Amino acid sequence: MQPDIVPCNQSETAEHQNDQYHCFPGLESRQPGCRRTDTDGSPFWRGRFLDLAVTPAVGAVTGGPTFREAHLIMEMFRNSGLVTSLDLVELNPFLNERGRTAVLQVDLVARLMGRRIIDRPTRSYKAMQEKLNIVPFVSVDHMMKLVLATGVERFLIELAAYIEEDFRRWESFDKTPRVASHSAEGVIELMPTSDGETYGFKYVNGHPKNTRSGRQTVTAFGVLADVGNGYPMLLTEMTILTALRTAAMSAVAAKYLAPKGARIMAMIGNGAQSEFQAIAFKAILGVDKLRLYDIDPSATARCQKNLAGMGFEIKACSSSQEAVEGAEIITTVTADKQNATILTDNMVGPGIHINAVGGDCPGKTELHHDILLRSDIFVEYPPQTRIEGEIQQLDPDHPVIELWQVIAGKALGRTGERQITLFDSVGFAIEDFSALRYVRDRLKETRLYEELDLLADPDEPRDLFGMILRAAKAAPVAAKAGAL
Ligand SMILES: NC(=O)c1ccc[n+]([C@@H]2O[C@H](COP(=O)([O-])OP(=O)(O)OC[C@H]3O[C@@H](n4cnc5c(N)ncnc54)[C@H](O)[C@@H]3O)[C@@H](O)[C@H]2O)c1
């Protein structure tokens, strides 16, 4: 297409000429994009594009042509065959915030020279800078590096602070019991929530027999998304992150519920979650004496070995009875797809805090029913805990206290020395939301992520099929193989 170009006097300002000339059909109603002056006989082009937010240093105006139109103009210049040289001028470098104009200039020149740069209609500078197809992805490798770079204790302390912050604003979240798909072997769950600005969900499974085939009982990944446009903002592994968030959550609960100054914890079940629990309790409460028990002594040995040199005094015990002797806090974190009795009533003396982590599915509990009757029971989200927690053994209206109310100062936590407190932990979506939020914030400083090409981003939002056709042109051999 040949541009409709009108000669004009170089001395006239573009503003004066706006009404007299038009350069390209369709653009004349906006600030015209270009002029040709021929006072000395040579073609001369003056371009005025875009709005101030986009090209701060070139005196552009609000309502000017869009990015897309600017690119089309460049394409027309190229097609006209008239362009022989080009001057690039920056009128006021002091206004050229973070080199935005330069970036645009490079793009437009590239387009003039035949490269296809722009692929979207007008969007804000911020959006321009973002690659809309890309979602930051935190792999297991990056998560481990993030944990190591941060330090496990610091990670847990900071994550606990995010959880507390979100529990204090509990009422601002959408809440629903997680969506569980049960099978004979385990469960697969989706855990969504939103605070109105950001949406998050986690995929998590629980398959207690998995360890026999070299797999983990629990694996997970999660997503954060922008509520405003629905675009995912983060995709991350959450197997490690779940262990960290579960431990941070347990320690936060214990901060409000455990006896003051408690330092001795029994931990029954010494599998994947166990070290994280121990470190969180040390970092957040100062627990430094552990009494470990697992039906599989090799699990206890591994846990003891992994925690060596971290400031714990550890005793490996030969029964759960032995483990709970003298303990001020009892953590049960076993995996078994049945109503087990990890703790019997006689094992729980007055003043104990129980952190019951392993019972988190219908038909999968750890505590004897009578312990529940003697305890003050604190839960995350009652509609979910009544289905999945220890309290599934109780009447549906058995009184429980929501932990967020304790954290927000609306309900009391531990009130007496002889009180038995029970945190009936099942894991709720808001904790994962906090963990995802924490990781997202940490990525800004650490950049420990990959750019995942996750979202189709066609030139025109509605031209999804056209994007495939253009890909066929770009890769004709592959397209031919697929008959496109
Ligand atoms: N509440 C939550 O937020 C949350 C989060 C993550 C995991 N979990 C649950 O925590 C549990 C543990 O998870 P994991 O990843 O550590 O599992 P895992 O399989 O790695 O470890 C479980 C350990 O429990 C031991 N065990 C089983 N029965 C026992 C018994 N009767 N007495 C003593 N030890 C016993 C096993 O030998 C194993 O070492 C699972 O049930 C899981 O669903 C809960």
# chains A, B, ... in the order shown; residues from 1 in each chain; ligands from 1
$ residues_near_ligand --ligand "ligand 1" --cutoff "7 Å" --atoms "only C-alpha atoms and all ligand atoms" --output "PyMOL selection string"
chain A and resi 206+208+211+216-218+242-243+246+268-274+293-296+299+333-336+340+342+357-360+425-428
$ write_last_selection --atoms "C-alpha atoms" --output "CSV table (one decimal), in the first residue's frame"
chain,number,residue,atom,x,y,z
A,206,GLY,CA,-1.9,-37.4,49.4
A,208,PRO,CA,0.4,-42.7,51.8
A,211,THR,CA,6.8,-44.0,49.4
A,216,GLN,CA,6.4,-39.0,47.8
A,217,THR,CA,3.2,-39.1,49.8
A,218,VAL,CA,2.5,-35.4,49.0
A,242,THR,CA,3.9,-27.1,51.1
A,243,ALA,CA,6.3,-28.7,53.6
A,246,THR,CA,2.7,-26.5,56.8
A,268,ILE,CA,5.6,-38.9,65.8
A,269,GLY,CA,6.0,-39.6,62.1
A,270,ASN,CA,9.4,-38.7,60.8
A,271,GLY,CA,8.7,-38.6,57.1
A,272,ALA,CA,9.0,-35.8,54.5
A,273,GLN,CA,7.4,-33.1,56.6
A,274,SER,CA,9.2,-33.8,59.8
A,293,TYR,CA,9.3,-41.8,66.9
A,294,ASP,CA,8.3,-43.5,63.6
A,295,ILE,CA,7.1,-47.0,63.0
A,296,ASP,CA,10.0,-47.1,60.5
A,299,ALA,CA,12.8,-42.7,58.9
A,333,VAL,CA,2.6,-36.1,61.3
A,334,THR,CA,2.1,-39.6,60.2
A,335,ALA,CA,0.7,-40.9,56.9
A,336,ASP,CA,-1.8,-43.7,56.9
A,340,ALA,CA,-5.2,-44.5,63.3
A,342,ILE,CA,-1.2,-42.4,67.1
A,357,VAL,CA,-0.9,-32.5,61.1
A,358,GLY,CA,-1.3,-36.0,59.6
A,359,GLY,CA,-5.1,-36.5,59.9
A,360,ASP,CA,-6.3,-34.5,56.9
A,425,SER,CA,-4.4,-28.9,61.1
A,426,VAL,CA,-5.6,-30.0,57.7
A,427,GLY,CA,-4.0,-27.3,55.5
A,428,PHE,CA,-6.2,-24.5,54.1
$ residues_around --residues "Arg442 (chain A)" --least-positions-apart "2" --cutoff "12 Å" --atoms "only C-alpha atoms" --output "list in words"
Val138, His142, Met143, Lys145, Leu146, Val147, Ala149, Thr150, Phe155, Glu158, Leu159, Tyr162, Leu234, Ala435, Leu436, Arg437, Tyr438, Val439, Arg440, Lys444, Glu445, Thr446, Arg447, Leu448 and Tyr449 of chain A
$ write_last_selection --atoms "N, CA and C atoms" --output "compact mmCIF listing (two decimals), in the first residue's frame"
# COMPACT_ATOMS: atom_id res chain seq x y z
N VAL A 138 8.75 -21.22 38.96
CA VAL A 138 9.75 -21.61 39.95
C VAL A 138 9.84 -23.13 39.96
N HIS A 142 14.97 -24.14 41.42
CA HIS A 142 14.95 -22.73 41.85
C HIS A 142 14.40 -22.59 43.27
N MET A 143 13.41 -23.42 43.61
CA MET A 143 12.86 -23.34 44.96
C MET A 143 13.95 -23.70 45.99
N LYS A 145 17.12 -23.40 45.58
CA LYS A 145 18.10 -22.29 45.63
C LYS A 145 17.54 -21.11 46.44
N LEU A 146 16.23 -20.88 46.28
CA LEU A 146 15.60 -19.79 47.02
C LEU A 146 15.67 -20.06 48.53
N VAL A 147 15.37 -21.31 48.89
CA VAL A 147 15.40 -21.68 50.31
C VAL A 147 16.83 -21.56 50.85
N ALA A 149 19.35 -19.80 49.57
CA ALA A 149 19.83 -18.41 49.55
C ALA A 149 19.23 -17.62 50.72
N THR A 150 18.01 -17.99 51.10
CA THR A 150 17.33 -17.27 52.19
C THR A 150 17.77 -17.80 53.55
N PHE A 155 13.48 -18.24 56.01
CA PHE A 155 12.37 -18.50 55.09
C PHE A 155 11.10 -18.79 55.90
N GLU A 158 9.81 -15.68 57.81
CA GLU A 158 9.16 -14.71 56.92
C GLU A 158 7.85 -15.25 56.38
N LEU A 159 7.84 -16.52 56.04
CA LEU A 159 6.61 -17.14 55.54
C LEU A 159 5.53 -17.13 56.63
N TYR A 162 3.89 -13.85 56.69
CA TYR A 162 2.89 -13.70 55.61
C TYR A 162 1.59 -14.42 55.98
N LEU A 234 2.21 -16.39 38.41
CA LEU A 234 3.26 -17.24 38.98
C LEU A 234 2.82 -18.69 38.91
N ALA A 435 1.93 -18.48 51.01
CA ALA A 435 3.22 -19.02 50.56
C ALA A 435 3.52 -18.58 49.12
N LEU A 436 2.50 -18.60 48.29
CA LEU A 436 2.68 -18.17 46.90
C LEU A 436 3.02 -16.68 46.86
N ARG A 437 2.36 -15.92 47.68
CA ARG A 437 2.60 -14.47 47.77
C ARG A 437 4.03 -14.21 48.22
N TYR A 438 4.46 -14.97 49.20
CA TYR A 438 5.82 -14.79 49.72
C TYR A 438 6.85 -15.09 48.63
N VAL A 439 6.64 -16.21 47.94
CA VAL A 439 7.58 -16.59 46.88
C VAL A 439 7.58 -15.52 45.78
N ARG A 440 6.40 -15.09 45.39
CA ARG A 440 6.34 -14.06 44.33
C ARG A 440 7.14 -12.82 44.75
N LYS A 444 11.28 -11.04 43.10
CA LYS A 444 11.69 -9.71 42.63
C LYS A 444 13.15 -9.46 42.95
N GLU A 445 13.59 -9.90 44.14
CA GLU A 445 15.01 -9.66 44.50
C GLU A 445 15.92 -10.75 43.95
N THR A 446 15.43 -11.98 43.94
CA THR A 446 16.35 -13.09 43.64
C THR A 446 16.37 -13.50 42.17
N ARG A 447 15.30 -13.23 41.48
CA ARG A 447 15.14 -13.65 40.07
C ARG A 447 15.37 -15.16 39.88
N LEU A 448 15.04 -15.92 40.91
CA LEU A 448 15.21 -17.37 40.82
C LEU A 448 13.98 -18.02 40.18
N TYR A 449 13.81 -17.76 38.90
CA TYR A 449 12.71 -18.37 38.17
C TYR A 449 13.06 -18.44 36.69
$ closest_residue --among "A:Asn355, A:Phe423, A:Ala280, A:Gln304" --to "Leu156 (chain A)" --atoms "only C-alpha atoms"
A:Ala280
$ residues_around --residues "region 173-186 of chain A" --least-positions-apart "6" --cutoff "6 Å" --atoms "only C-alpha atoms" --output "MDAnalysis selection string"
chainID A and resid 193:195 206:207 384
$ residues_around --residues "Ser375 (chain A)" --least-positions-apart "2" --cutoff "6 Å" --atoms "only C-alpha atoms" --output "PyMOL selection string"
chain A and resi 372-373+377+420-421
$ write_last_selection --atoms "C-alpha atoms" --output "tab-separated table (two decimals), in the first residue's frame"
chain	number	residue	atom	x	y	z
A	372	LEU	CA	-10.60	-34.34	71.48
A	373	LEU	CA	-13.17	-34.16	74.26
A	377	ILE	CA	-9.75	-27.32	69.52
A	420	ILE	CA	-4.87	-28.99	76.50
A	421	THR	CA	-4.80	-27.13	73.20
$ closest_residue --among "A:Ala327, A:Ile163, A:Cys361, A:Ala408" --to "Gly349 (chain A)" --atoms "only C-alpha atoms"
A:Ala327
$ residues_around --residues "Ala254 (chain A)" --least-positions-apart "6" --cutoff "10 Å" --atoms "only C-alpha atoms" --output "PyMOL selection string"
chain A and resi 248+260+262+281+284-285+329+353-355+413-414+421-423
$ select_by_dssp --residues "region 346-403 of chain A" --states "helix (DSSP H, G or I)" --output "ChimeraX atom specification"
/A:346-347,369-374,382-388,390-393,403
$ closest_atom_pairs --of "region 214-306 of chain A" --to "region 450-461 of chain A" --cutoff "9 Å" --atoms "only C-alpha atoms" --output "tab-separated table"
residue	atom	partner	partner_atom	distance
A:Tyr231	CA	A:Leu455	CA	8.4
A:Pro232	CA	A:Leu455	CA	8.6
A:Leu235	CA	A:Leu452	CA	8.7
$ write_last_selection --atoms "C-alpha atoms" --output "CSV table (one decimal), in the first residue's frame"
chain,number,residue,atom,x,y,z
A,231,TYR,CA,-3.7,-13.9,33.8
A,232,PRO,CA,-1.5,-16.3,35.8
A,235,LEU,CA,3.5,-21.0,38.6
$ closest_residue --among "A:Thr198, A:Thr239, A:Gln105, A:Thr332" --to "Ser139 (chain A)" --atoms "only C-alpha atoms"
A:Thr239
$ residues_around --residues "Cys317 (chain A)" --least-positions-apart "2" --cutoff "10 Å" --atoms "only C-alpha atoms" --output "ChimeraX atom specification"
/A:266-268,290-294,297,300,314-315,319-324
$ atom_distance --atom1 "CA of Phe312 (chain A)" --atom2 "CA of Gly261 (chain A)"
15.6 Å
